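As stored in input-v5.tsv (TSV, C-alpha atoms and all ligand atoms):
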chain	number	residue	atom	x	y	z
A	1	MET	CA	-228.62	88.17	79.51
A	2	PRO	CA	-230.92	89.31	82.30
A	3	GLN	CA	-233.80	87.04	83.16
A	4	GLU	CA	-237.23	87.97	81.91
A	5	SER	CA	-239.05	89.52	84.88
A	6	THR	CA	-242.75	89.57	85.67
A	7	PRO	CA	-244.22	92.61	83.93
A	8	ARG	CA	-244.85	95.55	86.28
A	9	ARG	CA	-248.22	97.18	86.38
A	10	GLU	CA	-248.72	100.13	84.15
A	11	SER	CA	-247.09	103.00	85.97
A	12	LYS	CA	-249.78	105.57	85.12
A	13	ARG	CA	-252.38	103.45	86.89
A	14	THR	CA	-250.11	103.09	89.90
A	15	VAL	CA	-249.69	106.84	90.14
A	16	GLN	CA	-253.46	107.35	89.90
A	17	GLN	CA	-254.01	104.87	92.74
A	18	MET	CA	-251.38	106.59	94.85
A	19	VAL	CA	-253.04	109.95	94.33
A	20	VAL	CA	-256.47	108.60	95.32
A	21	VAL	CA	-255.10	106.87	98.46
A	22	GLY	CA	-253.03	109.96	99.28
A	23	VAL	CA	-255.95	112.38	99.00
A	24	ILE	CA	-258.23	110.19	101.14
A	25	ALA	CA	-255.52	109.65	103.79
A	26	THR	CA	-254.70	113.38	103.85
A	27	ALA	CA	-258.34	114.38	104.29
A	28	ALA	CA	-258.85	111.78	107.01
A	29	GLY	CA	-255.57	112.77	108.73
A	30	ILE	CA	-256.38	116.47	108.77
A	31	ALA	CA	-259.95	115.85	109.95
A	32	LEU	CA	-258.66	113.62	112.75
A	33	GLY	CA	-255.87	116.06	113.65
A	34	LEU	CA	-258.25	118.98	113.94
A	35	SER	CA	-260.98	117.08	115.81
A	36	ILE	CA	-258.71	115.84	118.63
A	37	HIS	CA	-258.65	118.12	121.67
A	38	TRP	CA	-254.90	118.16	122.11
A	39	PHE	CA	-254.75	120.85	124.76
A	40	PRO	CA	-256.60	121.81	127.94
A	41	LYS	CA	-258.93	124.79	128.07
A	42	ALA	CA	-257.43	127.92	126.49
A	43	ALA	CA	-257.38	130.49	129.30
A	44	SER	CA	-255.24	133.28	127.84
A	45	THR	CA	-255.41	135.37	124.68
A	46	GLN	CA	-251.98	133.93	123.84
A	47	ALA	CA	-253.39	130.41	124.00
A	48	ASP	CA	-255.76	131.00	121.08
A	49	LYS	CA	-252.93	132.08	118.80
A	50	ILE	CA	-250.80	129.11	119.84
A	51	ASP	CA	-253.67	126.68	119.25
A	52	THR	CA	-254.26	128.17	115.79
A	53	LEU	CA	-250.56	127.74	115.01
A	54	TRP	CA	-250.88	124.10	116.00
A	55	ASP	CA	-253.86	123.62	113.68
A	56	VAL	CA	-251.96	125.22	110.79
A	57	LEU	CA	-249.01	122.91	111.45
A	58	ILE	CA	-251.32	119.91	111.30
A	59	ILE	CA	-252.77	121.07	107.99
A	60	ALA	CA	-249.27	121.68	106.59
A	61	THR	CA	-247.59	118.52	107.84
A	62	VAL	CA	-250.22	115.78	107.39
A	63	PRO	CA	-250.04	115.96	103.54
A	64	ILE	CA	-246.23	115.66	103.69
A	65	PHE	CA	-246.38	112.68	106.00
A	66	VAL	CA	-248.99	111.04	103.76
A	67	LEU	CA	-246.93	111.77	100.62
A	68	VAL	CA	-243.84	110.12	102.06
A	69	ALA	CA	-245.73	107.19	103.59
A	70	VAL	CA	-247.74	106.46	100.42
A	71	ILE	CA	-244.66	106.51	98.17
A	72	VAL	CA	-242.74	104.24	100.55
A	73	LEU	CA	-245.63	101.78	100.87
A	74	PHE	CA	-246.34	101.68	97.11
A	75	SER	CA	-242.64	101.25	96.38
A	76	ILE	CA	-242.41	98.29	98.75
A	77	LEU	CA	-245.50	96.77	97.15
A	78	GLU	CA	-244.74	97.47	93.50
A	79	PHE	CA	-241.01	97.05	93.33
A	80	ARG	CA	-240.55	94.15	95.73
A	81	MET	CA	-238.46	91.23	94.54
A	82	ARG	CA	-240.53	88.48	93.02
A	83	PRO	CA	-239.39	84.82	92.70
A	84	GLY	CA	-236.85	84.51	89.90
A	85	GLU	CA	-235.62	88.06	90.24
A	86	GLU	CA	-232.84	87.24	92.72
A	87	ASN	CA	-230.05	88.03	90.23
A	88	LEU	CA	-231.80	90.87	88.51
A	89	ASP	CA	-230.37	94.36	88.69
A	90	GLY	CA	-232.54	97.43	88.54
A	91	PRO	CA	-232.30	99.84	85.62
A	92	PRO	CA	-229.48	102.40	85.94
A	93	ILE	CA	-230.77	105.72	87.27
A	94	HIS	CA	-229.31	109.05	86.29
A	95	GLY	CA	-229.83	112.31	88.12
A	96	SER	CA	-232.83	114.45	87.26
A	97	THR	CA	-232.12	118.13	87.63
A	98	ARG	CA	-235.81	119.00	87.35
A	99	LEU	CA	-236.78	116.64	90.16
A	100	GLU	CA	-233.95	117.84	92.38
A	101	VAL	CA	-234.90	121.45	91.88
A	102	ILE	CA	-238.53	120.66	92.77
A	103	TRP	CA	-237.77	118.66	95.90
A	104	THR	CA	-235.39	121.31	97.15
A	105	ALA	CA	-237.51	124.32	96.33
A	106	VAL	CA	-240.89	123.06	97.61
A	107	PRO	CA	-239.70	122.15	101.14
A	108	ALA	CA	-237.64	125.36	101.30
A	109	ILE	CA	-240.67	127.52	100.44
A	110	LEU	CA	-242.83	125.57	102.89
A	111	ILE	CA	-240.31	125.93	105.73
A	112	ILE	CA	-239.76	129.63	105.08
A	113	GLY	CA	-243.55	130.11	105.16
A	114	LEU	CA	-244.02	128.21	108.41
A	115	VAL	CA	-241.02	129.87	110.08
A	116	THR	CA	-242.34	133.31	109.12
A	117	TYR	CA	-245.80	132.52	110.46
A	118	ALA	CA	-244.38	131.04	113.68
A	119	TYR	CA	-242.21	134.13	114.15
A	120	ILE	CA	-245.24	136.40	113.72
A	121	VAL	CA	-247.15	134.36	116.32
A	122	LEU	CA	-244.19	134.47	118.72
A	123	HIS	CA	-243.83	138.22	118.24
A	124	ASP	CA	-247.57	138.60	118.83
A	125	ILE	CA	-247.77	136.59	122.05
A	126	GLU	CA	-244.72	138.30	123.54
A	127	LYS	CA	-245.90	141.79	122.68
A	128	ALA	CA	-246.29	144.29	125.51
A	129	PRO	CA	-249.73	145.90	125.90
A	130	ALA	CA	-250.21	149.16	124.03
A	131	ALA	CA	-248.87	152.30	125.70
A	132	GLY	CA	-251.23	153.64	128.34
A	133	ASN	CA	-252.35	150.16	129.39
A	134	PRO	CA	-250.41	149.47	132.55
A	135	GLU	CA	-249.03	146.01	133.00
A	136	ARG	CA	-249.01	144.01	136.18
A	137	HIS	CA	-245.75	142.39	137.25
A	138	VAL	CA	-245.75	139.24	139.36
A	139	ALA	CA	-242.43	137.90	140.60
A	140	VAL	CA	-242.48	134.11	140.47
A	141	THR	CA	-239.90	132.26	142.54
A	142	GLY	CA	-239.30	128.54	142.24
A	143	GLN	CA	-237.56	126.51	144.91
A	144	GLN	CA	-237.56	122.86	145.83
A	145	PHE	CA	-240.53	122.20	145.78
A	146	THR	CA	-242.82	125.14	145.69
A	147	TRP	CA	-243.65	128.34	143.85
A	148	SER	CA	-244.18	131.68	145.55
A	149	PHE	CA	-245.64	134.80	144.03
A	150	GLU	CA	-244.73	138.34	144.94
A	151	TYR	CA	-247.22	141.04	144.05
A	152	ASN	CA	-246.79	144.77	143.88
A	153	GLU	CA	-250.25	146.36	144.03
A	154	GLY	CA	-250.53	150.10	144.47
A	155	GLY	CA	-246.98	150.26	145.82
A	156	LYS	CA	-247.63	147.54	148.40
A	157	LYS	CA	-245.60	144.37	148.10
A	158	PHE	CA	-246.81	141.06	149.45
A	159	THR	CA	-246.25	137.38	148.80
A	160	ASP	CA	-248.68	134.53	148.40
A	161	ALA	CA	-248.32	130.82	147.78
A	162	GLN	CA	-251.00	130.93	145.09
A	163	LEU	CA	-251.28	132.93	141.91
A	164	TYR	CA	-254.16	135.41	141.70
A	165	LEU	CA	-254.84	137.35	138.51
A	166	PRO	CA	-257.64	139.63	137.37
A	167	VAL	CA	-259.30	138.68	134.11
A	168	GLY	CA	-258.53	140.68	130.95
A	169	GLU	CA	-255.36	142.42	132.23
A	170	SER	CA	-251.89	141.72	130.94
A	171	VAL	CA	-249.46	140.28	133.46
A	172	LYS	CA	-245.72	139.89	133.08
A	173	PHE	CA	-244.07	137.15	135.12
A	174	ASP	CA	-240.51	137.71	136.32
A	175	VAL	CA	-239.39	134.15	136.93
A	176	ARG	CA	-236.50	133.26	139.25
A	177	SER	CA	-235.17	130.23	141.07
A	178	LYS	CA	-233.57	129.93	144.48
A	179	ASP	CA	-231.88	126.60	143.91
A	180	VAL	CA	-232.05	124.43	140.77
A	181	ILE	CA	-233.72	124.84	137.38
A	182	HIS	CA	-237.53	124.69	137.53
A	183	ASP	CA	-240.00	125.56	134.81
A	184	PHE	CA	-243.03	127.76	135.38
A	185	TRP	CA	-245.94	126.41	133.39
A	186	VAL	CA	-249.68	126.98	133.47
A	187	PRO	CA	-250.91	124.62	130.74
A	188	ASP	CA	-254.18	126.55	130.33
A	189	PHE	CA	-252.13	129.69	129.53
A	190	ARG	CA	-249.92	127.63	127.14
A	191	MET	CA	-246.78	129.68	127.94
A	192	LYS	CA	-243.88	128.23	129.92
A	193	ILE	CA	-240.35	129.21	130.77
A	194	ASP	CA	-237.44	127.87	132.80
A	195	ALA	CA	-236.73	129.35	136.21
A	196	VAL	CA	-232.93	129.48	136.18
A	197	PRO	CA	-230.80	130.32	139.24
A	198	GLY	CA	-228.99	133.62	138.78
A	199	ILE	CA	-231.10	135.07	135.99
A	200	THR	CA	-234.63	136.38	135.59
A	201	THR	CA	-236.75	135.06	132.75
A	202	HIS	CA	-240.08	136.46	131.61
A	203	TYR	CA	-243.28	135.86	129.81
A	204	ARG	CA	-246.61	137.60	129.75
A	205	ILE	CA	-250.20	136.47	129.37
A	206	THR	CA	-253.64	138.04	129.47
A	207	PRO	CA	-256.36	135.86	131.03
A	208	LYS	CA	-259.36	135.57	128.74
A	209	PRO	CA	-262.85	136.57	129.96
A	210	ASN	CA	-263.92	132.92	130.08
A	211	ALA	CA	-260.84	132.01	132.14
A	212	ILE	CA	-262.37	132.90	135.52
A	213	GLY	CA	-261.70	129.94	137.77
A	214	ASP	CA	-258.78	127.77	138.79
A	215	HIS	CA	-255.91	126.60	136.60
A	216	ASP	CA	-253.08	124.21	137.46
A	217	ILE	CA	-249.55	125.52	137.86
A	218	VAL	CA	-247.01	122.85	137.08
A	219	CYS	CA	-243.23	122.61	137.34
A	220	ALA	CA	-242.09	121.36	133.94
A	221	GLU	CA	-238.42	120.70	134.66
A	222	LEU	CA	-237.26	117.67	136.63
A	223	CYS	CA	-235.93	119.35	139.76
A	224	GLY	CA	-235.63	116.65	142.39
A	225	LEU	CA	-237.69	114.20	144.41
A	226	GLY	CA	-240.59	116.57	144.92
A	227	HIS	CA	-240.82	117.68	141.28
A	228	ALA	CA	-244.13	115.91	140.71
A	229	TYR	CA	-245.61	117.66	143.76
A	230	MET	CA	-244.53	121.13	142.69
A	231	ARG	CA	-248.05	122.03	141.69
A	232	GLN	CA	-250.07	125.02	142.72
A	233	THR	CA	-253.12	126.91	141.52
A	234	ALA	CA	-253.62	130.01	139.42
A	235	HIS	CA	-256.89	131.72	140.37
A	236	VAL	CA	-258.28	133.98	137.69
A	237	LEU	CA	-260.73	136.41	139.30
A	238	SER	CA	-263.07	139.10	138.09
A	239	LYS	CA	-261.61	142.58	138.55
A	240	PRO	CA	-263.77	143.39	141.65
A	241	ALA	CA	-262.93	140.03	143.23
A	242	PHE	CA	-259.22	140.60	142.55
A	243	ASP	CA	-259.34	144.09	144.07
A	244	ALA	CA	-261.09	142.68	147.14
A	245	TRP	CA	-258.40	140.02	147.45
A	246	VAL	CA	-255.63	142.66	147.16
A	247	LYS	CA	-257.35	144.76	149.81
A	248	LYS	CA	-257.59	141.80	152.14
A	249	LYS	CA	-253.94	140.92	151.57
A	250	THR	CA	-252.64	144.46	152.03
A	251	THR	CA	-254.64	145.20	155.16
A	252	SER	CA	-253.87	141.91	156.90
A	253	ALA	CA	-250.20	142.48	156.05
A	254	LYS	CA	-250.21	145.22	158.68
A	255	ALA	CA	-249.60	142.45	161.21
A	256	PRO	CA	-246.54	140.93	159.55
A	257	ALA	CA	-245.78	137.27	159.96
A	258	GLY	CA	-242.48	138.03	161.58
A	259	GLY	CA	-244.35	139.99	164.26
A	260	ALA	CA	-242.26	138.60	167.07
A	261	ALA	CA	-239.14	140.20	165.67
A	262	LYS	CA	-240.81	143.57	166.07
A	263	GLY	CA	-241.83	142.89	169.63
A	264	GLY	CA	-245.46	141.93	168.98
A	265	ALA	CA	-247.09	138.57	169.60
A	266	VAL	CA	-246.29	135.93	166.98
A	267	ASP	CA	-249.14	135.43	164.54
A	268	ALA	CA	-248.76	131.69	163.92
A	269	LYS	CA	-251.55	131.59	161.38
A	270	ALA	CA	-249.78	134.29	159.34
A	271	ILE	CA	-246.57	132.26	159.40
A	272	PHE	CA	-248.56	129.26	158.27
A	273	THR	CA	-250.05	131.08	155.30
A	274	GLN	CA	-247.24	133.50	154.41
A	275	GLY	CA	-244.04	131.98	155.78
A	276	ASN	CA	-241.36	134.28	157.10
A	277	PRO	CA	-240.55	136.81	154.36
A	278	ASP	CA	-237.47	138.03	156.27
A	279	THR	CA	-235.73	134.67	156.02
A	280	SER	CA	-237.63	133.27	153.02
A	281	ALA	CA	-239.10	130.46	155.10
A	282	THR	CA	-241.73	128.82	152.93
A	283	ALA	CA	-245.34	129.14	154.05
A	284	CYS	CA	-246.61	125.81	155.46
A	285	GLY	CA	-249.85	126.40	153.58
A	286	THR	CA	-248.01	126.21	150.26
A	287	CYS	CA	-247.84	122.45	150.67
A	288	HIS	CA	-250.30	121.52	153.42
A	289	THR	CA	-254.05	121.53	153.83
A	290	LEU	CA	-255.27	123.08	157.07
A	291	ALA	CA	-258.94	123.94	157.46
A	292	ASP	CA	-258.38	126.68	160.05
A	293	ALA	CA	-255.90	128.51	157.77
A	294	GLY	CA	-258.03	127.94	154.69
A	295	THR	CA	-255.25	126.19	152.77
A	296	THR	CA	-255.94	123.25	150.46
A	297	ALA	CA	-252.53	122.27	149.05
A	298	THR	CA	-251.77	118.57	148.66
A	299	THR	CA	-247.99	118.46	148.22
A	300	GLY	CA	-247.57	117.40	151.83
A	301	PRO	CA	-249.93	115.53	154.16
A	302	ASP	CA	-253.29	117.04	155.19
A	303	LEU	CA	-252.46	118.43	158.65
A	304	ASP	CA	-256.05	118.20	159.84
A	305	LYS	CA	-255.65	114.43	159.47
A	306	VAL	CA	-252.01	113.65	160.32
A	307	LEU	CA	-251.73	115.95	163.34
A	308	LYS	CA	-255.03	114.92	164.90
A	309	GLY	CA	-254.35	113.44	168.32
A	310	LYS	CA	-250.62	114.25	168.17
A	311	ASP	CA	-248.87	116.04	171.00
A	312	ALA	CA	-246.81	119.22	170.80
A	313	ALA	CA	-243.50	117.31	170.82
A	314	PHE	CA	-244.50	115.37	167.69
A	315	ILE	CA	-245.58	118.55	165.91
A	316	LYS	CA	-242.35	120.31	166.80
A	317	GLN	CA	-240.28	117.38	165.54
A	318	SER	CA	-242.32	117.33	162.32
A	319	ILE	CA	-241.42	120.97	161.69
A	320	LEU	CA	-237.75	120.84	162.63
A	321	GLN	CA	-236.90	117.26	161.51
A	322	PRO	CA	-239.46	116.54	158.82
A	323	ASN	CA	-237.80	113.27	157.79
A	324	ALA	CA	-238.10	111.72	161.27
A	325	VAL	CA	-241.64	110.48	160.66
A	326	ILE	CA	-243.04	110.31	157.14
A	327	ALA	CA	-246.80	110.08	156.74
A	328	PRO	CA	-247.96	107.00	154.78
A	329	GLY	CA	-248.08	107.73	151.06
A	330	TYR	CA	-245.51	110.54	151.22
A	331	GLN	CA	-241.79	110.73	150.44
A	332	PRO	CA	-238.92	111.94	152.64
A	333	ASP	CA	-236.72	114.91	151.59
A	334	ILE	CA	-239.55	116.96	150.17
A	335	MET	CA	-240.22	119.28	153.07
A	336	PRO	CA	-237.41	121.77	153.73
A	337	THR	CA	-235.26	120.78	156.73
A	338	ASN	CA	-234.13	124.29	157.56
A	339	PHE	CA	-237.12	125.65	159.50
A	340	GLY	CA	-234.91	125.62	162.61
A	341	ASP	CA	-232.89	128.38	160.87
A	342	THR	CA	-235.56	130.27	158.96
A	343	LEU	CA	-238.02	130.51	161.86
A	344	SER	CA	-237.17	131.83	165.29
A	345	ALA	CA	-237.64	129.54	168.29
A	346	GLN	CA	-240.57	131.75	169.27
A	347	GLN	CA	-242.15	131.36	165.87
A	348	VAL	CA	-241.73	127.56	165.92
A	349	ASP	CA	-243.32	127.37	169.38
A	350	ALA	CA	-246.20	129.58	168.25
A	351	LEU	CA	-246.75	127.36	165.20
A	352	VAL	CA	-246.68	124.22	167.37
A	353	GLN	CA	-249.23	125.70	169.75
A	354	TYR	CA	-251.43	126.88	166.93
A	355	LEU	CA	-251.32	123.56	165.04
A	356	SER	CA	-251.90	121.61	168.22
A	357	LYS	CA	-254.96	123.72	168.99
A	358	VAL	CA	-256.61	123.73	165.57
A	359	THR	CA	-256.02	120.06	164.73
A	360	ASN	CA	-257.27	118.74	168.07
A	361	LYS	CA	-260.52	120.63	168.27
B	1	LIG	CU1	-239.47	122.28	140.22
B	1	LIG	CU2	-239.69	120.36	138.86
Please go through the file and, once you have read it, give me the structure as structure tokens.
Ligand code: CUA
Amino acid sequence: MPQESTPRRESKRTVQQMVVVGVIATAAGIALGLSIHWFPKAASTQADKIDTLWDVLIIATVPIFVLVAVIVLFSILEFRMRPGEENLDGPPIHGSTRLEVIWTAVPAILIIGLVTYAYIVLHDIEKAPAAGNPERHVAVTGQQFTWSFEYNEGGKKFTDAQLYLPVGESVKFDVRSKDVIHDFWVPDFRMKIDAVPGITTHYRITPKPNAIGDHDIVCAELCGLGHAYMRQTAHVLSKPAFDAWVKKKTTSAKAPAGGAAKGGAVDAKAIFTQGNPDTSATACGTCHTLADAGTTATTGPDLDKVLKGKDAAFIKQSILQPNAVIAPGYQPDIMPTNFGDTLSAQQVDALVQYLSKVTNK
């Protein structure tokens, strides 16, 4: 004969309590979930749709989490073993077809609904602009440990270490990698995609009118020692400001950085800001701050500071053998070690002269 157990509470009352606790916890959970600012500023039209999707997911998932948590907690409380029940067995339970149908059908309907909505959002944010609205292409190239951006404006191609975009116009990024897998991410735009060697990946965004200003570009795939420093800036400009920037870039490009190769004098400042497109030498300004060149990057040391008072030999060594002397607070193996190959001797000497001059003023 089974022992007499302590009488359980009336089950109807228990269910009522669970419902009350569940409703309060759900309301509080949804209110909390919607009031937290999970994401940075939304700077693209795509970002709004993604943020709305997130809110819908919170509204859909908090009640399910609360349902499961409340049933588990009440079960632990109500059906725990009390003293004297050590040898007691629970009542035999048989299957309940009705229950099984409900707990299979409800989640299935919910998942189908969410998947459909998510697919519509995905389709929406990847959609090309309507016919007749031209789309800008920017080729994004990742390499250890920098991004470069190639523009094609009015048939003129040029490269820059920073991303410039006009507000309100769709842009499609063609993302590539020169070495390992990187991931091109502008959190304010919400979209991100891997840069994979050997293939070209894409996504498009349209900067929102209130997006004018600077936005961080981040590498979101662990790609080596300098991964954390692989950060640049996306500048969203008004249309006139963007056009002025393009004009400046396309007219100054008449004196190409690789000038020496064409017999002209080497423009060291151009090499500093644009690199050597012929050999894909990275622009120094991608990583370094230099007041004279107008660069403000912080991946590598601030050259106005670390080169002050240094002689030409030190500067030359720093370019050709960057690991020989590492500035305090920085890591070795981040700066490329191949500038002896990607820059001509003439270009290196011009850079050394230029850097020596502008950092020792
Ligand atoms: Cu490139 Cu991480």
Nearby residues, ligand LIG 1 (chain B), 12 Å, all atoms listed in the file, as an NGL selection string: :A and (141-148 or 176-185 or 193-197 or 217-232 or 334)
Coordinates-based distance that separates CA of Val72 (chain A) from CA of Ser96 (chain A) (Å, one decimal):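 Going from CA of Ser96 (chain A) over to CA of Val72 (chain A) covers 19.5 Å.
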Length of the CA of Val121 (chain A) to CA of Val186 (chain A) vector [Å]: 18.8 Å
Top pick for closest residue to Lys192 (chain A), considering A:Ser356, A:His94, A:Ile76, A:Gln46 and counting all atoms listed in the file: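 Comparing A:Ser356, A:His94, A:Ile76, A:Gln46 against Lys192 (chain A), the winner is A:Gln46.
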Best match for closeness to Ala244 (chain A) among A:Leu290, A:Gly29, A:Pro166, A:Ile319, counting all atoms listed in the file: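 The answer is A:Pro166, which sits nearest to Ala244 (chain A).
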Contact residues around Phe339 (chain A) with only C-alpha atoms at 12 Å, ignoring same-chain residues under 2 positions, as an MDAnalysis selection string: chainID A and resid 271 275:276 279:284 316:322 335:337 341:345 347:349 351
d(CA of Asp216 (chain A), CA of Thr233 (chain A)) in Å: 4.9 Å
For Gly309 (chain A): contacts at 12 Å, all atoms listed in the file, fewer than 4 positions along chain excluded, given as a list in words: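 My list of contacting residues is Leu303, Asp304, Lys305, Ala313, Phe314, Ile315, Leu355, Ser356, Lys357, Val358, Thr359, Asn360 and Lys361 of chain A.
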Nearest to Gln274 (chain A), chosen from A:Glu150, A:Asp51, A:Asp214, A:Asp89, with only C-alpha atoms counted in the distances: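 Among A:Glu150, A:Asp51, A:Asp214, A:Asp89, it is A:Glu150 that comes nearest to Gln274 (chain A).
Among A:Trp54, A:Phe158, A:Trp245, A:Tyr330, the residue with the shortest atom-to-atom distance to Gly300 (chain A), counting only C-alpha atoms, is A:Tyr330.
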Contact residues around region 200-212 of chain A with all atoms listed in the file at 7 Å, ignoring same-chain residues under 6 positions, as a PyMOL selection string: chain A and resi 43-46+126+167-176+236-238
What would region 197-214 of chain A look like with N, CA and C atoms restored, written as a PDB file, keeping the file's coordinate frame?
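Once everything was written out, this is selection37.pdb:
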ATOM      1  N   PRO A 197    -231.498 129.583 138.173  1.00  0.00           N
ATOM      2  CA  PRO A 197    -230.800 130.320 139.240  1.00  0.00           C
ATOM      3  C   PRO A 197    -229.882 131.384 138.644  1.00  0.00           C
ATOM      4  N   GLY A 198    -229.924 132.573 139.203  1.00  0.00           N
ATOM      5  CA  GLY A 198    -228.990 133.620 138.780  1.00  0.00           C
ATOM      6  C   GLY A 198    -229.506 134.539 137.699  1.00  0.00           C
ATOM      7  N   ILE A 199    -230.546 134.155 136.979  1.00  0.00           N
ATOM      8  CA  ILE A 199    -231.100 135.070 135.990  1.00  0.00           C
ATOM      9  C   ILE A 199    -232.618 135.173 136.162  1.00  0.00           C
ATOM     10  N   THR A 200    -233.184 136.204 135.544  1.00  0.00           N
ATOM     11  CA  THR A 200    -234.630 136.380 135.590  1.00  0.00           C
ATOM     12  C   THR A 200    -235.168 136.180 134.177  1.00  0.00           C
ATOM     13  N   THR A 201    -236.119 135.293 134.054  1.00  0.00           N
ATOM     14  CA  THR A 201    -236.750 135.060 132.750  1.00  0.00           C
ATOM     15  C   THR A 201    -238.179 135.593 132.803  1.00  0.00           C
ATOM     16  N   HIS A 202    -238.766 135.793 131.650  1.00  0.00           N
ATOM     17  CA  HIS A 202    -240.080 136.460 131.610  1.00  0.00           C
ATOM     18  C   HIS A 202    -241.009 135.802 130.609  1.00  0.00           C
ATOM     19  N   TYR A 203    -242.282 135.920 130.875  1.00  0.00           N
ATOM     20  CA  TYR A 203    -243.280 135.860 129.810  1.00  0.00           C
ATOM     21  C   TYR A 203    -244.532 136.556 130.289  1.00  0.00           C
ATOM     22  N   ARG A 204    -245.401 136.892 129.353  1.00  0.00           N
ATOM     23  CA  ARG A 204    -246.610 137.600 129.750  1.00  0.00           C
ATOM     24  C   ARG A 204    -247.822 136.878 129.170  1.00  0.00           C
ATOM     25  N   ILE A 205    -248.930 137.027 129.865  1.00  0.00           N
ATOM     26  CA  ILE A 205    -250.200 136.470 129.370  1.00  0.00           C
ATOM     27  C   ILE A 205    -251.314 137.442 129.754  1.00  0.00           C
ATOM     28  N   THR A 206    -252.431 137.322 129.089  1.00  0.00           N
ATOM     29  CA  THR A 206    -253.640 138.040 129.470  1.00  0.00           C
ATOM     30  C   THR A 206    -254.763 137.011 129.630  1.00  0.00           C
ATOM     31  N   PRO A 207    -255.276 136.836 130.859  1.00  0.00           N
ATOM     32  CA  PRO A 207    -256.360 135.860 131.030  1.00  0.00           C
ATOM     33  C   PRO A 207    -257.597 136.264 130.238  1.00  0.00           C
ATOM     34  N   LYS A 208    -258.167 135.309 129.551  1.00  0.00           N
ATOM     35  CA  LYS A 208    -259.360 135.570 128.740  1.00  0.00           C
ATOM     36  C   LYS A 208    -260.594 135.701 129.644  1.00  0.00           C
ATOM     37  N   PRO A 209    -261.633 136.396 129.158  1.00  0.00           N
ATOM     38  CA  PRO A 209    -262.850 136.570 129.960  1.00  0.00           C
ATOM     39  C   PRO A 209    -263.435 135.246 130.446  1.00  0.00           C
ATOM     40  N   ASN A 210    -263.327 134.196 129.641  1.00  0.00           N
ATOM     41  CA  ASN A 210    -263.920 132.920 130.080  1.00  0.00           C
ATOM     42  C   ASN A 210    -262.966 132.110 130.950  1.00  0.00           C
ATOM     43  N   ALA A 211    -261.861 132.747 131.380  1.00  0.00           N
ATOM     44  CA  ALA A 211    -260.840 132.010 132.140  1.00  0.00           C
ATOM     45  C   ALA A 211    -261.079 132.071 133.643  1.00  0.00           C
ATOM     46  N   ILE A 212    -262.130 132.769 134.085  1.00  0.00           N
ATOM     47  CA  ILE A 212    -262.370 132.900 135.520  1.00  0.00           C
ATOM     48  C   ILE A 212    -262.521 131.512 136.121  1.00  0.00           C
ATOM     49  N   GLY A 213    -261.710 131.263 137.149  1.00  0.00           N
ATOM     50  CA  GLY A 213    -261.700 129.940 137.770  1.00  0.00           C
ATOM     51  C   GLY A 213    -260.272 129.538 138.073  1.00  0.00           C
ATOM     52  N   ASP A 214    -260.086 128.261 138.363  1.00  0.00           N
ATOM     53  CA  ASP A 214    -258.780 127.770 138.790  1.00  0.00           C
ATOM     54  C   ASP A 214    -258.050 127.043 137.665  1.00  0.00           C
TER      55      ASP A 214
END
